[in-house]
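J.: Structure file protein.cif, mmCIF, C-alpha atoms and all ligand atoms, is pasted below:
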data_work
loop_
_atom_site.label_atom_id
_atom_site.label_comp_id
_atom_site.auth_asym_id
_atom_site.auth_seq_id
_atom_site.Cartn_x
_atom_site.Cartn_y
_atom_site.Cartn_z
CA MET A 1 173.50 63.48 44.39
CA GLN A 2 173.68 65.17 47.78
CA THR A 3 173.20 62.76 50.63
CA SER A 4 173.36 63.47 54.33
CA MET A 5 173.55 66.90 56.01
CA PHE A 6 174.37 65.33 59.36
CA ARG A 7 177.37 64.00 61.21
CA SER A 8 177.79 60.26 60.88
CA ASP A 9 177.23 59.45 64.59
CA LEU A 10 174.07 61.56 64.99
CA PHE A 11 172.00 58.61 66.23
CA LYS A 12 174.70 56.58 67.95
CA GLY A 13 173.13 54.82 70.95
CA LYS A 14 169.57 55.52 69.73
CA ARG A 15 167.01 52.82 68.99
CA ILE A 16 164.36 53.58 66.39
CA LEU A 17 161.33 51.62 65.07
CA VAL A 18 160.04 52.40 61.56
CA THR A 19 156.65 50.83 60.77
CA GLY A 20 156.31 49.75 57.15
CA GLY A 21 160.11 49.97 56.97
CA GLY A 22 160.47 47.03 54.58
CA THR A 23 159.64 49.10 51.49
CA GLY A 24 159.40 52.60 50.04
CA LEU A 25 159.81 55.67 52.19
CA GLY A 26 160.03 53.63 55.40
CA ARG A 27 162.96 51.71 54.03
CA GLU A 28 164.67 54.98 53.02
CA MET A 29 164.31 56.49 56.48
CA ALA A 30 165.37 53.25 58.22
CA ASP A 31 168.46 53.15 56.00
CA GLU A 32 169.39 56.73 56.90
CA TYR A 33 168.92 56.20 60.65
CA ALA A 34 171.08 53.06 60.48
CA ARG A 35 173.69 54.91 58.41
CA LEU A 36 173.88 57.59 61.12
CA GLY A 37 174.49 55.08 63.89
CA ALA A 38 171.06 54.02 65.18
CA GLU A 39 169.96 50.51 66.00
CA VAL A 40 166.84 50.13 63.86
CA TYR A 41 163.73 47.96 63.92
CA ILE A 42 161.40 47.72 60.92
CA CYS A 43 158.02 46.02 60.79
CA GLY A 44 155.44 45.02 58.19
CA ARG A 45 152.97 42.21 57.54
CA ARG A 46 155.18 40.43 54.98
CA GLY A 47 157.80 38.80 57.17
CA ALA A 48 160.00 37.86 54.22
CA VAL A 49 160.08 41.47 52.98
CA VAL A 50 161.08 43.00 56.33
CA GLU A 51 163.69 40.31 56.95
CA GLU A 52 165.27 40.76 53.54
CA THR A 53 165.34 44.57 53.92
CA ALA A 54 166.76 44.29 57.44
CA ALA A 55 169.56 42.05 56.20
CA GLU A 56 170.37 44.45 53.34
CA LEU A 57 170.36 47.55 55.55
CA SER A 58 172.45 45.85 58.25
CA LYS A 59 175.06 44.91 55.70
CA ALA A 60 175.10 48.25 53.88
CA ASN A 61 175.46 50.28 57.07
CA ASN A 62 177.34 47.86 59.31
CA ALA A 63 174.48 48.37 61.74
CA LYS A 64 171.97 46.33 63.69
CA VAL A 65 168.66 46.33 61.80
CA THR A 66 165.94 43.88 62.86
CA GLY A 67 162.90 42.96 60.77
CA LEU A 68 159.72 42.05 62.66
CA ALA A 69 156.54 40.64 61.11
CA CYS A 70 153.67 42.58 62.65
CA ASP A 71 150.22 43.66 61.49
CA ILE A 72 149.63 47.02 63.16
CA ARG A 73 145.84 46.55 62.78
CA VAL A 74 146.01 43.94 65.55
CA PRO A 75 146.52 45.51 69.02
CA ASP A 76 147.84 42.27 70.59
CA ALA A 77 150.37 41.83 67.77
CA VAL A 78 151.54 45.42 68.29
CA ASP A 79 151.88 44.88 72.02
CA ASP A 80 153.85 41.65 71.49
CA MET A 81 156.19 43.45 69.10
CA MET A 82 156.73 46.33 71.55
CA THR A 83 157.36 43.90 74.41
CA ARG A 84 160.00 42.16 72.33
CA VAL A 85 161.65 45.44 71.31
CA PHE A 86 161.58 47.01 74.78
CA ASN A 87 162.91 43.79 76.36
CA GLU A 88 166.07 44.50 74.37
CA GLY A 89 166.09 48.12 75.60
CA PRO A 90 163.82 51.18 75.35
CA LEU A 91 163.10 52.71 71.99
CA ASP A 92 164.13 56.35 71.53
CA GLY A 93 162.24 56.97 68.31
CA LEU A 94 159.16 55.76 66.43
CA VAL A 95 158.28 56.53 62.82
CA ASN A 96 154.62 55.88 62.02
CA ASN A 97 155.05 55.20 58.31
CA ALA A 98 152.93 52.08 57.57
CA ALA A 99 149.84 52.85 55.51
CA GLY A 100 147.44 51.60 52.89
CA ASN A 101 145.71 53.59 50.17
CA PHE A 102 144.09 53.48 46.73
CA ILE A 103 142.30 55.99 44.55
CA SER A 104 138.61 55.52 44.04
CA ARG A 105 135.49 57.56 43.65
CA THR A 106 134.04 57.71 47.16
CA LYS A 107 130.63 56.65 45.85
CA ASP A 108 132.22 53.34 44.76
CA LEU A 109 133.57 52.51 48.23
CA SER A 110 132.00 49.89 50.48
CA PRO A 111 132.32 49.98 54.29
CA ASN A 112 134.97 47.24 53.90
CA ALA A 113 136.95 49.42 51.52
CA PHE A 114 136.90 52.30 54.02
CA ASN A 115 137.97 49.97 56.82
CA ALA A 116 140.79 48.48 54.71
CA ILE A 117 142.47 51.90 54.85
CA ALA A 118 141.25 53.29 58.18
CA ASN A 119 142.19 50.12 60.09
CA ILE A 120 145.82 50.57 59.08
CA VAL A 121 146.27 54.33 59.02
CA PHE A 122 143.95 55.57 61.77
CA HIS A 123 143.60 52.64 64.18
CA GLY A 124 146.94 50.91 63.57
CA THR A 125 148.98 54.09 63.92
CA PHE A 126 147.27 54.85 67.21
CA TYR A 127 147.86 51.31 68.54
CA VAL A 128 151.60 51.61 67.81
CA THR A 129 151.88 55.10 69.30
CA LEU A 130 150.00 54.04 72.43
CA ALA A 131 152.06 50.87 72.91
CA ALA A 132 155.29 52.87 72.73
CA GLY A 133 154.00 55.87 74.67
CA LYS A 134 152.79 53.98 77.71
CA ARG A 135 156.15 52.21 77.97
CA TRP A 136 158.03 55.51 77.69
CA ILE A 137 155.89 57.15 80.36
CA ALA A 138 156.20 54.18 82.72
CA ALA A 139 159.99 54.17 82.33
CA ASP A 140 160.29 57.98 82.35
CA HIS A 141 162.16 57.65 79.03
CA LYS A 142 162.53 60.64 76.68
CA ALA A 143 161.39 59.84 73.13
CA ASN A 144 160.37 61.10 69.75
CA VAL A 145 157.56 60.21 67.30
CA ILE A 146 157.35 61.15 63.63
CA SER A 147 154.20 60.30 61.66
CA ILE A 148 154.19 60.26 57.87
CA LEU A 149 151.04 62.06 56.69
CA THR A 150 150.05 63.87 53.48
CA THR A 151 149.28 67.48 52.69
CA TRP A 152 145.64 66.38 52.37
CA VAL A 153 145.35 66.82 56.13
CA TRP A 154 144.97 70.55 55.43
CA ASN A 155 142.78 70.69 52.33
CA GLY A 156 141.18 67.26 51.98
CA GLY A 157 141.83 64.33 49.65
CA PRO A 158 139.23 63.95 46.92
CA PHE A 159 139.32 60.35 45.57
CA THR A 160 141.37 59.27 48.62
CA VAL A 161 138.83 60.05 51.32
CA PRO A 162 139.51 57.14 53.75
CA SER A 163 143.22 57.98 53.70
CA ALA A 164 142.65 61.74 54.03
CA MET A 165 140.27 61.24 56.96
CA SER A 166 142.65 58.83 58.69
CA LYS A 167 145.76 60.95 58.14
CA ALA A 168 143.85 64.01 59.42
CA GLY A 169 143.10 62.03 62.57
CA ILE A 170 146.78 61.26 63.06
CA ASN A 171 147.58 64.93 62.43
CA ILE A 172 145.40 65.89 65.36
CA MET A 173 146.80 63.00 67.42
CA THR A 174 150.23 64.54 66.82
CA LYS A 175 149.13 67.93 68.10
CA SER A 176 147.12 66.55 71.02
CA LEU A 177 149.82 64.24 72.34
CA ALA A 178 152.52 66.85 71.75
CA ALA A 179 150.89 68.82 74.55
CA GLU A 180 149.77 65.86 76.68
CA TRP A 181 153.09 64.03 76.59
CA ALA A 182 155.50 67.00 76.59
CA PRO A 183 155.83 66.82 80.39
CA HIS A 184 157.10 63.24 79.88
CA GLY A 185 159.77 64.39 77.42
CA ILE A 186 157.98 62.87 74.42
CA ARG A 187 157.90 64.92 71.21
CA LEU A 188 155.54 64.23 68.29
CA ASN A 189 155.89 65.77 64.85
CA ALA A 190 154.78 64.77 61.35
CA ILE A 191 155.95 64.96 57.77
CA ALA A 192 153.55 65.58 54.88
CA PRO A 193 155.40 64.40 51.76
CA GLY A 194 154.35 65.40 48.26
CA PRO A 195 155.06 62.89 45.49
CA PHE A 196 158.00 60.59 46.26
CA PRO A 197 157.45 57.74 43.80
CA THR A 198 157.43 54.27 45.32
CA LYS A 199 156.11 51.04 43.89
CA GLY A 200 153.56 50.68 46.72
CA ALA A 201 152.07 54.16 46.28
CA TRP A 202 152.22 54.39 42.50
CA GLU A 203 150.58 50.98 41.94
CA ARG A 204 147.58 52.23 43.91
CA LEU A 205 147.55 55.97 43.23
CA ASN A 206 149.17 56.49 39.86
CA PRO A 207 148.96 53.15 38.04
CA GLY A 208 148.77 55.01 34.70
CA SER A 209 152.34 56.33 35.20
CA ILE A 210 153.60 52.82 35.87
CA ARG A 211 151.88 51.50 32.76
CA ALA A 212 153.25 54.41 30.68
CA GLY A 213 156.77 53.89 32.07
CA THR A 214 156.97 57.49 33.32
CA MET A 215 157.05 56.83 37.10
CA GLY A 216 159.35 59.37 38.76
CA SER A 217 160.36 61.08 35.52
CA GLN A 218 159.49 64.64 34.50
CA GLU A 219 156.69 63.15 32.38
CA ASP A 220 155.10 61.59 35.47
CA SER A 221 151.78 63.39 36.03
CA SER A 222 152.87 64.01 39.64
CA ALA A 223 155.93 65.92 38.41
CA GLN A 224 154.05 67.86 35.78
CA GLY A 225 151.59 69.26 38.28
CA ASN A 226 154.34 70.31 40.69
CA PRO A 227 155.60 73.93 40.88
CA MET A 228 159.20 72.62 40.88
CA GLY A 229 158.42 70.44 37.86
CA ARG A 230 159.70 67.31 39.55
CA VAL A 231 158.93 64.72 42.18
CA GLY A 232 160.70 64.53 45.54
CA GLN A 233 164.13 62.96 45.90
CA MET A 234 164.63 60.47 48.68
CA HIS A 235 167.60 62.23 50.28
CA GLU A 236 165.38 65.29 50.82
CA LEU A 237 162.94 63.22 52.85
CA ARG A 238 165.70 61.34 54.65
CA ASN A 239 167.25 64.62 55.80
CA LEU A 240 163.97 65.98 57.17
CA ALA A 241 163.29 62.70 58.98
CA CYS A 242 166.74 62.95 60.61
CA PHE A 243 166.34 66.60 61.57
CA LEU A 244 163.02 65.91 63.31
CA MET A 245 164.39 62.78 65.02
CA SER A 246 167.51 64.52 66.32
CA ASP A 247 168.01 66.02 69.76
CA GLY A 248 169.03 69.29 68.11
CA CYS A 249 165.41 70.41 67.74
CA ASP A 250 164.15 69.31 71.14
CA TYR A 251 161.83 72.32 71.50
CA LEU A 252 159.98 71.46 68.25
CA THR A 253 156.79 69.48 68.81
CA GLY A 254 153.25 69.22 67.46
CA GLU A 255 154.22 70.37 63.94
CA THR A 256 153.43 68.84 60.55
CA ILE A 257 155.93 69.87 57.89
CA ALA A 258 155.13 69.65 54.17
CA ILE A 259 157.93 68.59 51.81
CA ASP A 260 156.24 68.78 48.43
CA GLY A 261 157.95 71.34 46.16
CA GLY A 262 155.12 73.78 46.90
CA ALA A 263 152.45 71.53 45.33
CA TYR A 264 149.98 71.98 48.14
CA LEU A 265 150.31 75.77 48.15
CA ALA A 266 150.03 76.02 44.38
CA GLY A 267 147.19 73.68 43.56
CA GLY A 268 146.13 71.68 46.57
CA GLY A 269 148.48 68.75 45.84
CA ASN A 270 145.65 66.23 45.80
CA PHE A 271 143.74 64.22 43.20
CA SER A 272 140.98 66.76 42.44
CA ALA A 273 141.96 66.68 38.72
CA LEU A 274 140.60 63.12 38.52
CA ALA A 275 137.06 64.55 38.52
CA LYS A 276 137.29 64.54 34.72
CA LEU A 277 137.54 60.71 34.54
CA GLY A 278 134.55 58.63 33.47
CA ASP A 279 133.20 55.18 34.38
CA ALA A 280 135.46 53.29 31.95
CA ASP A 281 138.57 55.09 33.31
CA TRP A 282 137.66 54.13 36.86
CA GLU A 283 137.02 50.50 35.92
CA ASN A 284 140.42 50.40 34.28
CA ILE A 285 142.13 52.01 37.31
CA ARG A 286 140.39 49.61 39.69
CA SER A 287 141.54 46.59 37.73
CA MET A 288 145.16 47.85 37.67
CA ILE A 289 145.04 48.40 41.46
CA LYS A 290 143.46 44.97 41.95
CA SER A 291 146.33 43.15 40.26
CA ALA A 292 148.84 44.94 42.54
CA ASN A 293 146.77 44.10 45.64
CA ASP A 294 146.37 40.46 44.56
CA LYS A 295 150.15 40.05 44.23
CA ASP A 296 150.80 41.59 47.67
CA ARG A 297 148.09 39.48 49.30
CA VAL A 298 149.81 36.32 48.10
CA ALA A 299 153.10 37.57 49.63
CA ARG A 300 151.36 38.18 52.97
CA THR A 301 149.99 34.63 53.18
CA VAL A 302 153.11 32.62 52.38
C1 LIG B 401 137.19 50.63 45.31
C2 LIG B 401 138.28 48.89 46.36
C3 LIG B 401 139.42 49.07 45.54
C4 LIG B 401 139.36 50.11 44.54
C5 LIG B 401 139.84 47.47 46.92
N1 LIG B 401 138.58 47.89 47.18
N2 LIG B 401 140.36 48.18 45.91
N3 LIG B 401 137.19 49.65 46.25
N4 LIG B 401 138.24 50.85 44.46
N5 LIG B 401 140.41 50.36 43.74
C6 LIG B 401 137.67 47.35 48.19
C7 LIG B 401 137.35 45.89 47.94
O1 LIG B 401 136.28 45.73 47.02
C8 LIG B 401 136.98 45.40 49.33
O2 LIG B 401 135.67 45.77 49.67
C9 LIG B 401 137.90 46.23 50.23
O3 LIG B 401 138.32 47.36 49.47
C10 LIG B 401 139.16 45.44 50.62
O4 LIG B 401 139.67 44.92 49.40
P1 LIG B 401 140.87 43.91 49.35
O5 LIG B 401 141.14 43.57 47.94
O6 LIG B 401 140.65 42.84 50.36
O7 LIG B 401 141.96 44.88 49.85
P2 LIG B 401 143.24 44.57 50.57
O8 LIG B 401 143.93 43.37 50.05
O9 LIG B 401 143.00 44.68 52.02
O10 LIG B 401 144.08 45.79 50.01
C11 LIG B 401 143.85 47.13 50.21
C12 LIG B 401 145.04 47.76 50.93
C13 LIG B 401 146.30 47.07 50.38
C14 LIG B 401 144.86 47.57 52.42
C15 LIG B 401 145.09 49.23 50.65
O11 LIG B 401 146.55 47.53 49.07
C16 LIG B 401 147.47 47.29 51.24
O12 LIG B 401 147.66 46.55 52.20
N6 LIG B 401 148.29 48.29 50.93
C17 LIG B 401 149.51 48.58 51.66
C18 LIG B 401 150.47 49.33 50.79
C19 LIG B 401 149.93 50.64 50.26
O13 LIG B 401 148.71 50.80 50.07
N7 LIG B 401 150.82 51.57 49.98
C20 LIG B 401 150.49 52.87 49.44
C21 LIG B 401 150.61 53.89 50.48
S1 LIG B 401 150.67 55.47 49.69
P3 LIG B 401 134.45 44.67 49.61
O14 LIG B 401 133.27 45.43 50.12
O15 LIG B 401 134.35 44.28 48.17
O16 LIG B 401 134.86 43.53 50.50
C22 LIG B 401 149.83 56.58 50.61
C23 LIG B 401 149.81 58.05 50.26
C24 LIG B 401 150.52 58.43 49.04
O17 LIG B 401 149.29 56.27 51.57
C25 LIG B 401 150.34 59.89 48.71
C26 LIG B 401 150.89 60.20 47.33
C27 LIG B 401 150.94 61.68 47.03
P1 LIG B 402 154.69 51.47 50.54
O1 LIG B 402 156.04 51.13 50.04
O2 LIG B 402 153.52 50.70 50.06
O3 LIG B 402 154.76 51.43 52.13
C1 LIG B 402 153.72 51.04 52.96
C2 LIG B 402 154.29 50.09 53.99
O4 LIG B 402 153.35 49.89 55.04
C3 LIG B 402 154.62 48.71 53.41
O5 LIG B 402 155.93 48.35 53.77
C4 LIG B 402 153.61 47.79 54.08
O6 LIG B 402 154.18 46.50 54.30
C5 LIG B 402 153.35 48.53 55.38
N1 LIG B 402 152.03 48.19 55.94
C6 LIG B 402 150.83 48.34 55.35
N2 LIG B 402 149.87 47.86 56.15
C7 LIG B 402 150.47 47.42 57.27
C8 LIG B 402 150.00 46.81 58.46
N3 LIG B 402 148.70 46.55 58.65
N4 LIG B 402 150.90 46.47 59.41
C9 LIG B 402 152.23 46.71 59.23
N5 LIG B 402 152.73 47.29 58.12
C10 LIG B 402 151.86 47.62 57.15
O7 LIG B 402 154.34 53.00 50.24
P2 LIG B 402 155.17 54.35 50.52
O8 LIG B 402 154.94 55.23 49.37
O9 LIG B 402 156.53 54.07 50.95
O10 LIG B 402 154.36 54.97 51.75
C11 LIG B 402 154.96 55.14 53.02
C12 LIG B 402 154.25 56.24 53.79
O11 LIG B 402 154.41 57.47 53.12
C13 LIG B 402 152.76 56.04 53.97
O12 LIG B 402 152.36 56.51 55.25
C14 LIG B 402 152.17 56.94 52.92
O13 LIG B 402 150.87 57.34 53.22
C15 LIG B 402 153.15 58.09 52.97
N6 LIG B 402 153.20 58.96 51.80
C16 LIG B 402 153.80 58.53 50.67
C17 LIG B 402 153.89 59.39 49.59
C18 LIG B 402 154.59 59.01 48.33
O14 LIG B 402 154.63 59.81 47.40
N7 LIG B 402 155.18 57.82 48.23
C19 LIG B 402 153.34 60.68 49.69
C20 LIG B 402 152.71 61.06 50.87
C21 LIG B 402 152.65 60.20 51.93
P3 LIG B 402 153.29 45.15 54.28
O15 LIG B 402 152.39 45.23 53.09
O16 LIG B 402 154.32 44.06 54.24
O17 LIG B 402 152.55 45.15 55.57
#
Using the file provided, produce a representation of the structure as structure tokens.
Ligand code: HXC
Ligand code: NAP

T.:
Amino acid sequence: MQTSMFRSDLFKGKRILVTGGGTGLGREMADEYARLGAEVYICGRRGAVVEETAAELSKANNAKVTGLACDIRVPDAVDDMMTRVFNEGPLDGLVNNAAGNFISRTKDLSPNAFNAIANIVFHGTFYVTLAAGKRWIAADHKANVISILTTWVWNGGPFTVPSAMSKAGINIMTKSLAAEWAPHGIRLNAIAPGPFPTKGAWERLNPGSIRAGTMGSQEDSSAQGNPMGRVGQMHELRNLACFLMSDGCDYLTGETIAIDGGAYLAGGGNFSALAKLGDADWENIRSMIKSANDKDRVARTV
């Protein structure tokens, strides 16, 4: 398997925060930044998860990786985290990766269900970006933001409407602040991944693949609908996240780059095919998602 395209000291001397870096894609990107010399911070609500990941990534990369318990929905908690991080030195990079999502017919959503997603993805991502941005501007410190979006920001997300609306908001935040903060030396770009199977996403978006034991394989429904006939491989995402974070593309800002095997161009890359499901299918899906959420909620309260 091909790994890095970059020299091993690419991020030496850089300090990068990855939100939601305890699991999934955030963990992958944090690992790659640490491997290429950065000092890395990761945050998430489950303190035990971020601490365990930080310890593993520190050891694997002989790097400094710090896990911080923080709920990005809470502005004061975000500010406290940023104060702690910046007291140790200014950040150079921020990856807005933390998110929540589940598939559901929109008619079945309550206002609470909408807020459960929008409070993380839309509000929380802004709170983190603002807390970092105002510190960078005050210190006249050059910096770089990457937000992890979806291709739904271009064509909509049927059955994932709160996520699609929130990610679209962060897409336009990326473009707006790219212009507003360019004079301060702050770049903002975004990545729109196609299917990169993770436990967190598949439990809530493709629970059928988990139950069938096909997650990530060519039989996974996400692979079958893809023009390349496969899901994404983590090193592909890691490389793009490093390219965008590096100083070598300093003139690149305000862009959202899809990495999806062409899925969005070929068929929209969203969940429109779920329109064929009936009431019993949706009840089944909801109960599978509920057991995953119940387990995670317990982990957040211990
Ligand atoms: C309809 C639902 C529902 C479902 C919950 N709700 N699940 N409604 N269908 N399947 C409703 C509940 O009834 C409740 O409303 C409200 O949502 C909140 O429910 P909780 O059970 O309290 O939810 P909570 O524990 O907050 O969990 C939801 C969550 C959680 C915030 C999304 O799962 C979470 O923290 N996830 C983080 C990890 C994650 O989601 N990762 C996947 C990211 S993947 P009422 O009115 O009853 O109170 C991604 C894109 C992937 O973003 C793209 C792939 C191509
Ligand atoms: P994941 O493993 O569930 O990652 C989500 C992370 O966000 C978790 O570590 C979670 O940790 C953290 N998080 C959620 N709410 C938070 C909050 N309020 N405060 C702080 N941290 C919070 O799922 P993933 O697949 O890696 O997703 C990562 C990103 O990629 C998301 O932005 C997602 O939308 C995007 N994405 C993924 C795919 C894919 O195929 N996997 C495709 C397109 C886009 P805690 O629960 O401990 O807080």

J.: I'd like the neighbourhood of A:Thr106 as a ChimeraX atom specification, where a residue qualifies if any of its atoms comes within 9 Å (using only C-alpha atoms), though same-chain residues fewer than 3 positions away should be ignored.

T.: /A:103,109-110,158-162

J.: Using all atoms listed in the file, what are the residues with an atom within 6 Å of ligand LIG 402 (chain B), set out as a PDB file with C-alpha atoms, in the frame of the given file?

T.:
ATOM      1  CA  THR A  19     156.650  50.830  60.770  1.00  0.00           C
ATOM      2  CA  GLY A  20     156.310  49.750  57.150  1.00  0.00           C
ATOM      3  CA  GLY A  21     160.110  49.970  56.970  1.00  0.00           C
ATOM      4  CA  GLY A  22     160.470  47.030  54.580  1.00  0.00           C
ATOM      5  CA  THR A  23     159.640  49.100  51.490  1.00  0.00           C
ATOM      6  CA  GLY A  24     159.400  52.600  50.040  1.00  0.00           C
ATOM      7  CA  LEU A  25     159.810  55.670  52.190  1.00  0.00           C
ATOM      8  CA  GLY A  26     160.030  53.630  55.400  1.00  0.00           C
ATOM      9  CA  GLY A  44     155.440  45.020  58.190  1.00  0.00           C
ATOM     10  CA  ARG A  45     152.970  42.210  57.540  1.00  0.00           C
ATOM     11  CA  ARG A  46     155.180  40.430  54.980  1.00  0.00           C
ATOM     12  CA  CYS A  70     153.670  42.580  62.650  1.00  0.00           C
ATOM     13  CA  ASP A  71     150.220  43.660  61.490  1.00  0.00           C
ATOM     14  CA  ILE A  72     149.630  47.020  63.160  1.00  0.00           C
ATOM     15  CA  ARG A  73     145.840  46.550  62.780  1.00  0.00           C
ATOM     16  CA  ASN A  97     155.050  55.200  58.310  1.00  0.00           C
ATOM     17  CA  ALA A  98     152.930  52.080  57.570  1.00  0.00           C
ATOM     18  CA  ALA A  99     149.840  52.850  55.510  1.00  0.00           C
ATOM     19  CA  GLY A 100     147.440  51.600  52.890  1.00  0.00           C
ATOM     20  CA  ILE A 120     145.820  50.570  59.080  1.00  0.00           C
ATOM     21  CA  ILE A 148     154.190  60.260  57.870  1.00  0.00           C
ATOM     22  CA  LEU A 149     151.040  62.060  56.690  1.00  0.00           C
ATOM     23  CA  THR A 150     150.050  63.870  53.480  1.00  0.00           C
ATOM     24  CA  PRO A 193     155.400  64.400  51.760  1.00  0.00           C
ATOM     25  CA  GLY A 194     154.350  65.400  48.260  1.00  0.00           C
ATOM     26  CA  PRO A 195     155.060  62.890  45.490  1.00  0.00           C
ATOM     27  CA  PHE A 196     158.000  60.590  46.260  1.00  0.00           C
ATOM     28  CA  PRO A 197     157.450  57.740  43.800  1.00  0.00           C
ATOM     29  CA  THR A 198     157.430  54.270  45.320  1.00  0.00           C
ATOM     30  CA  GLY A 200     153.560  50.680  46.720  1.00  0.00           C
ATOM     31  CA  ALA A 201     152.070  54.160  46.280  1.00  0.00           C
TER      32      ALA A 201
END

J.: Quick one, how far is atom C27 of ligand LIG 401 (chain B) from atom CA of A:Cys43?

T.: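 Atom C27 of ligand LIG 401 (chain B) sits 22.0 Å away from atom CA of A:Cys43.
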
J.: Would you mind reading off the distance between atom CA of A:Asn226 and atom CA of A:Ala263, one decimal, in Å?

T.: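 Computed distance, atom CA of A:Asn226 to atom CA of A:Ala263, equals 5.2 Å.
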
J.: Got a sec to check which residues sit within 9 Å of (166.3, 59.0, 48.9), counting only C-alpha atoms, and write them as an NGL selection string?

T.: :A and (3 or 25 or 28-29 or 32 or 196 or 232-239)

J.: Name the closest residue to A:Val85 among the candidates A:Ala266, A:Ile257, A:Cys242, A:Leu68; distances are taken between atoms, counting only C-alpha atoms.

T.: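 Closest residue, counting only C-alpha atoms: A:Leu68.
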
J.: Could you check which residues have any atom within 10 Å of (168.0, 52.5, 59.0), counting only C-alpha atoms with coordinates taken straight from the file, and then list them as a PyMOL selection string?

T.: chain A and resi 16-18+21+26-42+53-54+57-58+60-61+63-66

J.: Nearest to A:Arg230 among A:Asp260, A:Asp281, A:Asp79, A:Asp296, with distances taken over only C-alpha atoms: which residue is it?

T.: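 Using only C-alpha atoms, the shortest distance to A:Arg230 belongs to A:Asp260.
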
J.: In Å, rounded to a single decimal, give me how far atom C22 of ligand LIG 401 (chain B) is from atom CA of A:Glu283.

T.: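 Atom CA of A:Glu283 sits 20.4 Å away from atom C22 of ligand LIG 401 (chain B).
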
J.: So that I can see what lies close to A:Ser217, please list as a PyMOL selection string the residues with an atom at most 10 Å from it, counting only C-alpha atoms and leaving out residues fewer than 6 positions away in the same chain.

T.: chain A and resi 197+209+223-224+229-231

J.: Pick from A:Cys249, A:Leu91, A:Leu240, A:Ile170: nearest to A:Met5, with all atoms listed in the file counted?

T.: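 That would be A:Leu240, the residue with the smallest distance to A:Met5.
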
J.: Determine the axis-aligned bounding box of all atoms of stretch 104-116 of chain A present in the file, pad each side by 4 Å, and express its centre and edge lengths in Å to one decimal place as AutoDock Vina command-line options.

T.:
--center_x 135.7 --center_y 52.5 --center_z 50.2 --size_x 18.2 --size_y 18.5 --size_z 21.2

J.: From the set A:Ala164, A:Ala258, A:Ala55, A:Leu205, which residue has the shortest atom-to-atom contact distance to A:Arg286, counting all atoms listed in the file?

T.: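 Going through A:Ala164, A:Ala258, A:Ala55, A:Leu205 one by one, the smallest distance to A:Arg286 is for A:Leu205.
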
J.: Which one of A:Ser246, A:Ser272, A:Asn206, A:Thr83 sits closest to ligand LIG 401 (chain B) if you count only C-alpha atoms and all ligand atoms?

T.: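 Checking each candidate against ligand LIG 401 (chain B), we get A:Asn206 as the closest.
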
J.: Using only C-alpha atoms and all ligand atoms for the distances, tell me which of A:Trp154, A:Trp202, A:Tyr127, A:Phe243 is nearest to ligand LIG 401 (chain B).

T.: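 With only C-alpha atoms and all ligand atoms as the atom set, the closest residue is A:Trp202.
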